[in-house]
Amino acid sequence: MAIRRIVIQGDDRLGKRCRPVTDFNKRLHDLLDDMKETLAEAQGAGLAAPQVGVLRRAVVIAGDGDDMLELVNPEILEQSGQQTSPEGCLSVPGKWGMVTRPNFVRIRAQDRYGEWFEAEGEELMARCFCHELEHLDGHLYVERIDHFLSEEELEAYYQSQEEEE
């Protein structure tokens, strides 16, 4: 396993639609393993293959504890509700913007061996599904924001959330 360099906004690869994975082989397994290690090192919530320069439909998302969800050729089956909160991206370091996403998302994907499965998530997991799958179609969250949040705006948002709890 190896930590890969994360591609930053402005790199043409982030704006391209990724091709489906058709070979579920050691090369894919190495990519997924490297992406998991890269995500852990970067302390992010999710990472899509184009963010490490590979134009394939593969995603890893941080789960509970050390678990990570691997999604190959993922697609959204169902979404409902709405949530708006700050969102950032490893490919847009140090910047945040308010993004509205579904509050519930159910997806279908393949695992590293090509077996299909379904998964669902609410709140942060739903946000991660949507964010990472958009990367596979050449989109970044910055296309959905009105403006980047200042540090003061971001801090005020999180402080208001703590007070509500």
# chains A, B, ... in the order shown; residues from 1 in each chain; ligands from 1

call {"tool": "closest_atom_pairs", "arguments": {"of": "region 45-108 of chain A", "to": "region 14-28 of chain A", "cutoff": "8 Å", "atoms": "only C-alpha atoms", "output": "CSV"}}
result
residue,atom,partner,partner_atom,distance
A:Pro50,CA,A:Leu14,CA,5.9
A:Gln51,CA,A:Leu14,CA,6.7
A:Gly53,CA,A:Leu14,CA,7.9
A:Leu55,CA,A:Cys18,CA,4.6
A:Arg56,CA,A:Cys18,CA,4.8
A:Arg57,CA,A:Pro20,CA,5.2
A:Ala58,CA,A:Val21,CA,7.6
A:Val72,CA,A:Val21,CA,6.9
A:Asn73,CA,A:Pro20,CA,5.9

call {"tool": "write_last_selection", "arguments": {"atoms": "N, CA, C and O atoms", "output": "short mmCIF file (atom, residue, chain, number, x, y, z; two decimals), in the first residue's frame"}}
result
data_model
loop_
_atom_site.label_atom_id
_atom_site.label_comp_id
_atom_site.auth_asym_id
_atom_site.auth_seq_id
_atom_site.Cartn_x
_atom_site.Cartn_y
_atom_site.Cartn_z
N PRO A 50 -10.60 9.82 -9.07
CA PRO A 50 -10.00 10.94 -9.80
C PRO A 50 -9.20 11.89 -8.91
O PRO A 50 -8.34 12.62 -9.40
N GLN A 51 -9.48 11.85 -7.61
CA GLN A 51 -8.72 12.71 -6.69
C GLN A 51 -7.28 12.23 -6.51
O GLN A 51 -6.46 12.97 -5.99
N GLY A 53 -5.89 10.94 -9.35
CA GLY A 53 -5.47 10.94 -10.74
C GLY A 53 -5.88 9.74 -11.56
O GLY A 53 -5.40 9.57 -12.68
N LEU A 55 -8.93 7.85 -13.47
CA LEU A 55 -10.27 8.13 -13.99
C LEU A 55 -11.12 6.86 -14.08
O LEU A 55 -11.56 6.45 -15.15
N ARG A 56 -11.34 6.25 -12.93
CA ARG A 56 -12.18 5.06 -12.79
C ARG A 56 -13.23 5.32 -11.72
O ARG A 56 -13.03 6.12 -10.81
N ARG A 57 -14.36 4.61 -11.81
CA ARG A 57 -15.48 4.82 -10.90
C ARG A 57 -15.26 4.01 -9.62
O ARG A 57 -15.84 2.94 -9.43
N ALA A 58 -14.43 4.55 -8.74
CA ALA A 58 -14.12 3.91 -7.46
C ALA A 58 -14.03 4.99 -6.38
O ALA A 58 -13.51 6.07 -6.61
N VAL A 72 -17.40 0.54 -5.84
CA VAL A 72 -16.94 0.46 -7.23
C VAL A 72 -18.17 0.55 -8.11
O VAL A 72 -19.18 -0.13 -7.88
N ASN A 73 -18.11 1.40 -9.11
CA ASN A 73 -19.24 1.66 -10.02
C ASN A 73 -20.52 2.01 -9.25
O ASN A 73 -21.60 1.48 -9.56
#

call {"tool": "residues_around", "arguments": {"residues": "Leu149 (chain A)", "least_positions_apart": "3", "cutoff": "12 Å", "atoms": "only C-alpha atoms", "output": "list in words"}}
result
Ser85, Pro86, Glu87, Gly88, Gly94, Lys95, Trp96, Gly97, Met98, Val99, Val142, Ile145, Asp146, Glu152, Glu153, Leu154, Glu155, Ala156 and Tyr157 of chain A

call {"tool": "write_last_selection", "arguments": {"atoms": "all heavy atoms", "output": "short mmCIF file (atom, residue, chain, number, x, y, z; two decimals), in the first residue's frame"}}
result
data_model
loop_
_atom_site.label_atom_id
_atom_site.label_comp_id
_atom_site.auth_asym_id
_atom_site.auth_seq_id
_atom_site.Cartn_x
_atom_site.Cartn_y
_atom_site.Cartn_z
N SER A 85 -25.22 22.20 5.15
CA SER A 85 -24.14 22.40 6.12
C SER A 85 -22.83 22.64 5.37
O SER A 85 -22.76 22.50 4.15
CB SER A 85 -24.03 21.19 7.06
OG SER A 85 -23.75 20.02 6.35
N PRO A 86 -21.78 23.01 6.12
CA PRO A 86 -20.49 23.27 5.48
C PRO A 86 -19.92 21.99 4.87
O PRO A 86 -20.08 20.91 5.43
CB PRO A 86 -19.61 23.75 6.63
CG PRO A 86 -20.54 24.17 7.70
CD PRO A 86 -21.75 23.32 7.55
N GLU A 87 -19.29 22.17 3.73
CA GLU A 87 -18.66 21.04 3.06
C GLU A 87 -17.29 21.48 2.58
O GLU A 87 -17.11 22.61 2.17
CB GLU A 87 -19.54 20.61 1.88
CG GLU A 87 -19.24 19.24 1.36
CD GLU A 87 -20.35 18.72 0.46
OE1 GLU A 87 -21.52 18.68 0.88
OE2 GLU A 87 -20.03 18.36 -0.69
N GLY A 88 -16.35 20.55 2.66
CA GLY A 88 -15.01 20.79 2.17
C GLY A 88 -14.59 19.62 1.30
O GLY A 88 -15.36 18.69 1.07
N GLY A 94 -8.42 23.51 2.62
CA GLY A 94 -8.56 24.71 3.44
C GLY A 94 -9.76 25.58 3.14
O GLY A 94 -9.87 26.67 3.67
N LYS A 95 -10.67 25.11 2.28
CA LYS A 95 -11.83 25.93 1.92
C LYS A 95 -13.11 25.17 2.22
O LYS A 95 -13.17 23.94 2.08
CB LYS A 95 -11.78 26.33 0.45
CG LYS A 95 -10.55 27.15 0.13
CD LYS A 95 -10.69 27.89 -1.15
CE LYS A 95 -9.46 28.78 -1.31
NZ LYS A 95 -9.56 29.64 -2.43
N TRP A 96 -14.14 25.93 2.61
CA TRP A 96 -15.43 25.36 2.96
C TRP A 96 -16.54 26.21 2.37
O TRP A 96 -16.37 27.42 2.22
CB TRP A 96 -15.60 25.33 4.49
CG TRP A 96 -14.58 24.46 5.16
CD1 TRP A 96 -13.29 24.80 5.50
CD2 TRP A 96 -14.74 23.11 5.55
NE1 TRP A 96 -12.66 23.74 6.07
CE2 TRP A 96 -13.52 22.68 6.12
CE3 TRP A 96 -15.80 22.21 5.46
CZ2 TRP A 96 -13.34 21.39 6.60
CZ3 TRP A 96 -15.61 20.93 5.96
CH2 TRP A 96 -14.39 20.54 6.52
N GLY A 97 -17.65 25.58 2.06
CA GLY A 97 -18.82 26.31 1.57
C GLY A 97 -20.08 25.57 2.00
O GLY A 97 -20.05 24.37 2.24
N MET A 98 -21.17 26.30 2.08
CA MET A 98 -22.45 25.69 2.46
C MET A 98 -23.04 24.97 1.24
O MET A 98 -23.13 25.55 0.16
CB MET A 98 -23.44 26.75 2.96
CG MET A 98 -23.00 27.43 4.25
SD MET A 98 -22.81 26.32 5.65
CE MET A 98 -24.52 26.08 6.10
N VAL A 99 -23.43 23.71 1.45
CA VAL A 99 -23.97 22.89 0.37
C VAL A 99 -25.24 22.20 0.86
O VAL A 99 -25.27 21.65 1.96
CB VAL A 99 -22.96 21.82 -0.11
CG1 VAL A 99 -23.54 20.98 -1.22
CG2 VAL A 99 -21.66 22.48 -0.57
N VAL A 142 -17.65 22.88 -5.11
CA VAL A 142 -17.58 24.34 -5.27
C VAL A 142 -18.56 24.83 -6.34
O VAL A 142 -18.91 26.01 -6.36
CB VAL A 142 -16.15 24.83 -5.58
CG1 VAL A 142 -15.20 24.50 -4.44
CG2 VAL A 142 -15.63 24.23 -6.88
N ILE A 145 -21.83 26.02 -4.35
CA ILE A 145 -21.83 27.03 -3.29
C ILE A 145 -22.00 28.44 -3.85
O ILE A 145 -21.67 28.70 -5.00
CB ILE A 145 -20.53 26.97 -2.43
CG1 ILE A 145 -19.29 27.31 -3.27
CG2 ILE A 145 -20.38 25.60 -1.78
CD1 ILE A 145 -18.02 27.45 -2.45
N ASP A 146 -22.50 29.34 -2.98
CA ASP A 146 -22.59 30.75 -3.34
C ASP A 146 -21.26 31.44 -3.11
O ASP A 146 -20.85 32.30 -3.87
CB ASP A 146 -23.67 31.45 -2.52
CG ASP A 146 -25.06 30.98 -2.89
OD1 ASP A 146 -25.26 30.59 -4.05
OD2 ASP A 146 -25.94 31.00 -2.02
N GLU A 152 -14.44 32.74 10.32
CA GLU A 152 -15.42 33.23 11.30
C GLU A 152 -16.81 32.64 11.03
O GLU A 152 -17.51 32.24 11.96
CB GLU A 152 -15.49 34.77 11.28
CG GLU A 152 -14.23 35.47 11.77
CD GLU A 152 -13.12 35.52 10.70
OE1 GLU A 152 -13.39 35.33 9.49
OE2 GLU A 152 -11.96 35.71 11.10
N GLU A 153 -17.21 32.59 9.77
CA GLU A 153 -18.51 32.02 9.41
C GLU A 153 -18.57 30.53 9.76
O GLU A 153 -19.57 30.03 10.28
CB GLU A 153 -18.81 32.21 7.92
CG GLU A 153 -19.10 33.62 7.50
CD GLU A 153 -19.19 33.78 6.00
OE1 GLU A 153 -18.30 33.28 5.27
OE2 GLU A 153 -20.17 34.41 5.55
N LEU A 154 -17.50 29.83 9.47
CA LEU A 154 -17.44 28.40 9.76
C LEU A 154 -17.50 28.16 11.27
O LEU A 154 -18.26 27.31 11.74
CB LEU A 154 -16.15 27.81 9.17
CG LEU A 154 -15.99 26.30 9.21
CD1 LEU A 154 -17.11 25.62 8.42
CD2 LEU A 154 -14.63 25.90 8.65
N GLU A 155 -16.74 28.92 12.02
CA GLU A 155 -16.74 28.80 13.48
C GLU A 155 -18.11 29.13 14.06
O GLU A 155 -18.62 28.43 14.93
CB GLU A 155 -15.67 29.72 14.08
CG GLU A 155 -15.44 29.50 15.56
CD GLU A 155 -14.30 30.35 16.08
OE1 GLU A 155 -13.20 30.28 15.49
OE2 GLU A 155 -14.52 31.07 17.07
N ALA A 156 -18.75 30.18 13.55
CA ALA A 156 -20.08 30.57 14.03
C ALA A 156 -21.10 29.47 13.74
O ALA A 156 -21.97 29.18 14.57
CB ALA A 156 -20.51 31.88 13.38
N TYR A 157 -21.00 28.83 12.58
CA TYR A 157 -21.92 27.75 12.23
C TYR A 157 -21.79 26.61 13.24
O TYR A 157 -22.78 26.12 13.78
CB TYR A 157 -21.66 27.23 10.82
CG TYR A 157 -22.49 26.01 10.51
CD1 TYR A 157 -23.81 26.12 10.09
CD2 TYR A 157 -21.97 24.73 10.70
CE1 TYR A 157 -24.59 25.01 9.84
CE2 TYR A 157 -22.76 23.60 10.45
CZ TYR A 157 -24.05 23.75 10.03
OH TYR A 157 -24.81 22.63 9.80
#

call {"tool": "residues_around", "arguments": {"residues": "Met35 (chain A)", "least_positions_apart": "4", "cutoff": "10 Å", "atoms": "only C-alpha atoms", "output": "number ranges by chain"}}
result
A: 1-6, 29-31, 39-41, 46-49, 51-52, 58-61, 70

call {"tool": "write_last_selection", "arguments": {"atoms": "C-alpha atoms", "output": "PDB file, in the first residue's frame"}}
result
ATOM      1  CA  MET A   1       0.000   0.000   0.000  1.00  0.00           C
ATOM      2  CA  ALA A   2       1.103   3.545  -0.661  1.00  0.00           C
ATOM      3  CA  ILE A   3      -0.073   7.052  -0.017  1.00  0.00           C
ATOM      4  CA  ARG A   4      -0.912   8.738  -3.298  1.00  0.00           C
ATOM      5  CA  ARG A   5      -0.750  12.436  -4.128  1.00  0.00           C
ATOM      6  CA  ILE A   6      -4.148  14.109  -3.978  1.00  0.00           C
ATOM      7  CA  HIS A  29      -7.335  -3.880  -5.173  1.00  0.00           C
ATOM      8  CA  ASP A  30      -4.056  -1.936  -4.986  1.00  0.00           C
ATOM      9  CA  LEU A  31      -5.867   1.267  -6.002  1.00  0.00           C
ATOM     10  CA  LEU A  39      -7.729   8.957   3.007  1.00  0.00           C
ATOM     11  CA  ALA A  40      -6.623   7.879   6.488  1.00  0.00           C
ATOM     12  CA  GLU A  41      -3.436   9.945   6.201  1.00  0.00           C
ATOM     13  CA  GLY A  46     -14.125  10.265   1.514  1.00  0.00           C
ATOM     14  CA  LEU A  47     -11.905   9.975  -1.531  1.00  0.00           C
ATOM     15  CA  ALA A  48     -12.730   9.276  -5.177  1.00  0.00           C
ATOM     16  CA  ALA A  49     -10.300   7.767  -7.693  1.00  0.00           C
ATOM     17  CA  GLN A  51      -8.722  12.711  -6.693  1.00  0.00           C
ATOM     18  CA  VAL A  52      -5.629  10.522  -6.960  1.00  0.00           C
ATOM     19  CA  ALA A  58     -14.119   3.913  -7.457  1.00  0.00           C
ATOM     20  CA  VAL A  59     -14.644   5.574  -4.074  1.00  0.00           C
ATOM     21  CA  VAL A  60     -13.675   4.970  -0.455  1.00  0.00           C
ATOM     22  CA  ILE A  61     -15.596   6.501   2.444  1.00  0.00           C
ATOM     23  CA  GLU A  70     -15.323   0.652  -0.823  1.00  0.00           C
TER      24      GLU A  70
END

call {"tool": "atom_distance", "arguments": {"atom1": "CA of Glu164 (chain A)", "atom2": "CA of Arg101 (chain A)"}}
result
20.5 Å

call {"tool": "closest_residue", "arguments": {"among": "A:Lys36, A:Arg112, A:His147, A:Arg127", "to": "Gly81 (chain A)", "atoms": "only C-alpha atoms"}}
result
A:Arg127

call {"tool": "residues_around", "arguments": {"residues": "Gln83 (chain A)", "least_positions_apart": "5", "cutoff": "12 Å", "atoms": "only C-alpha atoms", "output": "MDAnalysis selection string"}}
result
chainID A and resid 98:105 122:127

call {"tool": "select_by_dssp", "arguments": {"residues": "region 11-59 of chain A", "states": "strand (DSSP E)", "output": "list in words"}}
result
Gly46, Leu47, Ala48, Ala58 and Val59 of chain A

call {"tool": "write_last_selection", "arguments": {"atoms": "N, CA, C and O atoms", "output": "compact mmCIF listing (two decimals), in the first residue's frame"}}
result
# COMPACT_ATOMS: atom_id res chain seq x y z
N GLY A 46 -14.00 11.10 2.70
CA GLY A 46 -14.13 10.27 1.51
C GLY A 46 -13.10 10.65 0.47
O GLY A 46 -12.50 11.73 0.53
N LEU A 47 -12.88 9.74 -0.47
CA LEU A 47 -11.91 9.98 -1.53
C LEU A 47 -12.35 9.21 -2.78
O LEU A 47 -12.67 8.02 -2.70
N ALA A 48 -12.37 9.89 -3.90
CA ALA A 48 -12.73 9.28 -5.18
C ALA A 48 -11.47 9.10 -6.03
O ALA A 48 -10.52 9.88 -5.91
N ALA A 58 -14.43 4.55 -8.74
CA ALA A 58 -14.12 3.91 -7.46
C ALA A 58 -14.03 4.99 -6.38
O ALA A 58 -13.51 6.07 -6.61
N VAL A 59 -14.57 4.64 -5.20
CA VAL A 59 -14.64 5.57 -4.07
C VAL A 59 -14.37 4.81 -2.78
O VAL A 59 -14.73 3.64 -2.66

call {"tool": "closest_residue", "arguments": {"among": "A:Arg144, A:Asp11, A:Glu163, A:Tyr113", "to": "Thr84 (chain A)", "atoms": "only C-alpha atoms"}}
result
A:Arg144

call {"tool": "closest_residue", "arguments": {"among": "A:Ser80, A:Ser150, A:Gln9, A:Thr38", "to": "Glu120 (chain A)", "atoms": "only C-alpha atoms"}}
result
A:Ser80

call {"tool": "atom_distance", "arguments": {"atom1": "CA of Gln161 (chain A)", "atom2": "CA of Phe148 (chain A)"}}
result
19.0 Å

call {"tool": "closest_residue", "arguments": {"among": "A:Pro74, A:Gly138, A:Gly65, A:Pro93", "to": "Gln110 (chain A)", "atoms": "only C-alpha atoms"}}
result
A:Pro74

call {"tool": "atom_distance", "arguments": {"atom1": "CA of Glu134 (chain A)", "atom2": "CA of Glu115 (chain A)"}}
result
22.2 Å

call {"tool": "select_by_dssp", "arguments": {"residues": "region 4-165 of chain A", "states": "helix (DSSP H, G or I)", "output": "MDAnalysis selection string"}}
result
chainID A and resid 12:15 26:42 49:52 124:136 141:144 151:164

call {"tool": "closest_residue", "arguments": {"among": "A:Val7, A:Ala119, A:Leu136, A:Ala42", "to": "Leu69 (chain A)", "atoms": "only C-alpha atoms"}}
result
A:Ala119
